[in-house]
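Asker: Structure provided below as structure tokens; questions to follow.
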Amino acid sequence: GDPDGLSRVFDAGLPVHEEARVVAWLVDVARRLHGTLVLATDAGPATLTPDPDAHVDLTVHSDVWLDPEAALATLRALDARVVYAPDGTDWNGPPVTLRLQGPAISVLDDAARAALHDEADTFDIHTLTTPEQRTGYALHLDLGDDGLVAVEIGGEEHPPLSVSRHAWASAGTIAYRVRWFPLDDLELLEENPAPGHRIARTRAAERMGQLARTLHAAVGGVVTDAADLPVHPEDL
């Protein structure tokens, strides 16, 4: 995929290393400012106008952790369709057609069997009485034909420079990532996606901005776009 059209501009070979990083930064800034780049290539000057609406993902960086129940209540106040992300399906063991063969197990005497049961009971009691320590979770908002919005919450050891310059972020942050998954994710790789994708993206982006603004009101911090550039909540 080449959503920014770099291969069209650099048809003799894509930039690499430091040049690639500088070009990527220029593309991000041009997209943010709704501008056009004039790039010097082997074939002469070339222009590149990134689609300002191409990347709609947002992240709220904060030093405040919202428990799953609190985050769900916060976002459901905006949209009642928000739910916990599915946990998957229960595993009911290997299929009946699978046959496992292993080494023979020696018969345990009564003392060894009792010790083994005591150890298992101690482990089970500890597990059942210790509160679950979550390191991350996600919420989903199904937009139907407009795709799925996922809010992924978890720790962030290395926040972007636009965030880490704040004293409260020096030891890491909590990232509330608001991400969009269209019905056809291959359209994300196209420089000129289909009109239906653009319409769905516009509608999803509006709701995503509202979600990010609601989260920011609850936890504070800094909002960044997909390029890690800061966004003022009032502009969402």
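In the structure tokens, the first chain shown is A, the next is B, and so on; residue numbers restart at 1 for each chain, and ligands run from 1 in the order shown.
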Between stretch 111-188 of chain A and stretch 85-98 of chain A, at 8 Å or less, what are the per-residue closest atom pairs and their distances in Å? Count only C-alpha atoms, order by chain and rising residue number, and return it as CSV.
Answerer:
residue,atom,partner,partner_atom,distance
A:Tyr137,CA,A:Ala85,CA,7.7
A:Ala138,CA,A:Ala85,CA,5.4
A:Leu139,CA,A:Ala85,CA,4.9
A:His140,CA,A:Ala85,CA,5.4
Asker: Selected residues, all heavy atoms, written as a PDB file, in the first residue's frame, please.
Answerer:
ATOM      1  N   TYR A 137      -7.308  -3.061  28.301  1.00  0.00           N
ATOM      2  CA  TYR A 137      -8.617  -3.570  27.888  1.00  0.00           C
ATOM      3  C   TYR A 137      -9.090  -2.724  26.719  1.00  0.00           C
ATOM      4  O   TYR A 137      -8.409  -1.767  26.313  1.00  0.00           O
ATOM      5  CB  TYR A 137      -9.622  -3.525  29.039  1.00  0.00           C
ATOM      6  CG  TYR A 137      -9.897  -2.137  29.586  1.00  0.00           C
ATOM      7  CD1 TYR A 137     -10.974  -1.385  29.134  1.00  0.00           C
ATOM      8  CD2 TYR A 137      -9.069  -1.578  30.562  1.00  0.00           C
ATOM      9  CE1 TYR A 137     -11.219  -0.114  29.637  1.00  0.00           C
ATOM     10  CE2 TYR A 137      -9.304  -0.319  31.062  1.00  0.00           C
ATOM     11  CZ  TYR A 137     -10.377   0.410  30.603  1.00  0.00           C
ATOM     12  OH  TYR A 137     -10.609   1.673  31.090  1.00  0.00           O
ATOM     13  N   ALA A 138     -10.226  -3.064  26.161  1.00  0.00           N
ATOM     14  CA  ALA A 138     -10.730  -2.340  24.996  1.00  0.00           C
ATOM     15  C   ALA A 138     -12.251  -2.266  25.038  1.00  0.00           C
ATOM     16  O   ALA A 138     -12.923  -3.136  25.599  1.00  0.00           O
ATOM     17  CB  ALA A 138     -10.277  -3.010  23.704  1.00  0.00           C
ATOM     18  N   LEU A 139     -12.767  -1.214  24.430  1.00  0.00           N
ATOM     19  CA  LEU A 139     -14.194  -1.023  24.240  1.00  0.00           C
ATOM     20  C   LEU A 139     -14.459  -0.909  22.742  1.00  0.00           C
ATOM     21  O   LEU A 139     -13.611  -0.413  21.996  1.00  0.00           O
ATOM     22  CB  LEU A 139     -14.675   0.244  24.957  1.00  0.00           C
ATOM     23  CG  LEU A 139     -14.346   0.350  26.448  1.00  0.00           C
ATOM     24  CD1 LEU A 139     -14.746   1.722  26.976  1.00  0.00           C
ATOM     25  CD2 LEU A 139     -15.038  -0.740  27.236  1.00  0.00           C
ATOM     26  N   HIS A 140     -15.625  -1.363  22.324  1.00  0.00           N
ATOM     27  CA  HIS A 140     -15.977  -1.345  20.905  1.00  0.00           C
ATOM     28  C   HIS A 140     -17.255  -0.544  20.673  1.00  0.00           C
ATOM     29  O   HIS A 140     -18.164  -0.556  21.501  1.00  0.00           O
ATOM     30  CB  HIS A 140     -16.186  -2.765  20.376  1.00  0.00           C
ATOM     31  CG  HIS A 140     -14.911  -3.496  20.109  1.00  0.00           C
ATOM     32  ND1 HIS A 140     -14.877  -4.797  19.650  1.00  0.00           N
ATOM     33  CD2 HIS A 140     -13.616  -3.113  20.228  1.00  0.00           C
ATOM     34  CE1 HIS A 140     -13.621  -5.170  19.500  1.00  0.00           C
ATOM     35  NE2 HIS A 140     -12.844  -4.179  19.842  1.00  0.00           N
TER      36      HIS A 140
END
Asker: Using only C-alpha atoms, find each residue in stretch 17-118 of chain A having at least one atom no more than 9 Å away from stretch 177-196 of chain A; report its shortest atom-to-atom pair and that distance in Å (one decimal), rows by chain then rising number, as a Markdown table.
Answerer:
| residue | atom | partner | partner_atom | distance |
| --- | --- | --- | --- | --- |
| A:Pro50 | CA | A:Glu191 | CA | 8.7 |
| A:Asp51 | CA | A:Glu191 | CA | 8.2 |
| A:Ala54 | CA | A:Leu188 | CA | 7.9 |
| A:His55 | CA | A:Leu188 | CA | 8.6 |
| A:Val56 | CA | A:Trp180 | CA | 7.2 |
| A:Asp57 | CA | A:Arg179 | CA | 4.8 |
| A:Leu58 | CA | A:Val178 | CA | 5.2 |
| A:Thr59 | CA | A:Arg177 | CA | 4.3 |
| A:Val60 | CA | A:Arg177 | CA | 6.4 |
| A:His61 | CA | A:Arg177 | CA | 8.5 |
Asker: Got a sec: who's within 7 Å of stretch 207-220 of chain A, counting only C-alpha atoms, leaving out chain neighbours fewer than 3 positions off, as a ChimeraX atom specification?
Answerer: /A:58,60,62,64,75,178,203-204,233,236
Asker: Please identify the strand (DSSP E or B) residues within stretch 199-232 of chain A (assignment by DSSP from backbone atoms) and present them as a ChimeraX atom specification.
Answerer: /A:222-224,230-231
Asker: Create the file for the chosen residues now, containing C-alpha atoms and written as a tab-separated table (two decimals), in the first residue's frame.
Answerer:
chain	number	residue	atom	x	y	z
A	222	VAL	CA	-2.86	15.50	25.74
A	223	VAL	CA	-4.69	14.41	22.59
A	224	THR	CA	-2.61	13.49	19.55
A	230	PRO	CA	-1.07	17.43	19.45
A	231	VAL	CA	-4.73	18.26	18.84
Asker: Name the residues of stretch 19-184 of chain A that fall into helix (DSSP H, G or I) according to DSSP on the backbone, using the chain letters and numbers of this document, as a VMD selection string.
Answerer: chain A and resid 19 to 32 68 to 76 110 to 129 144 to 146 161 to 164 167 to 169
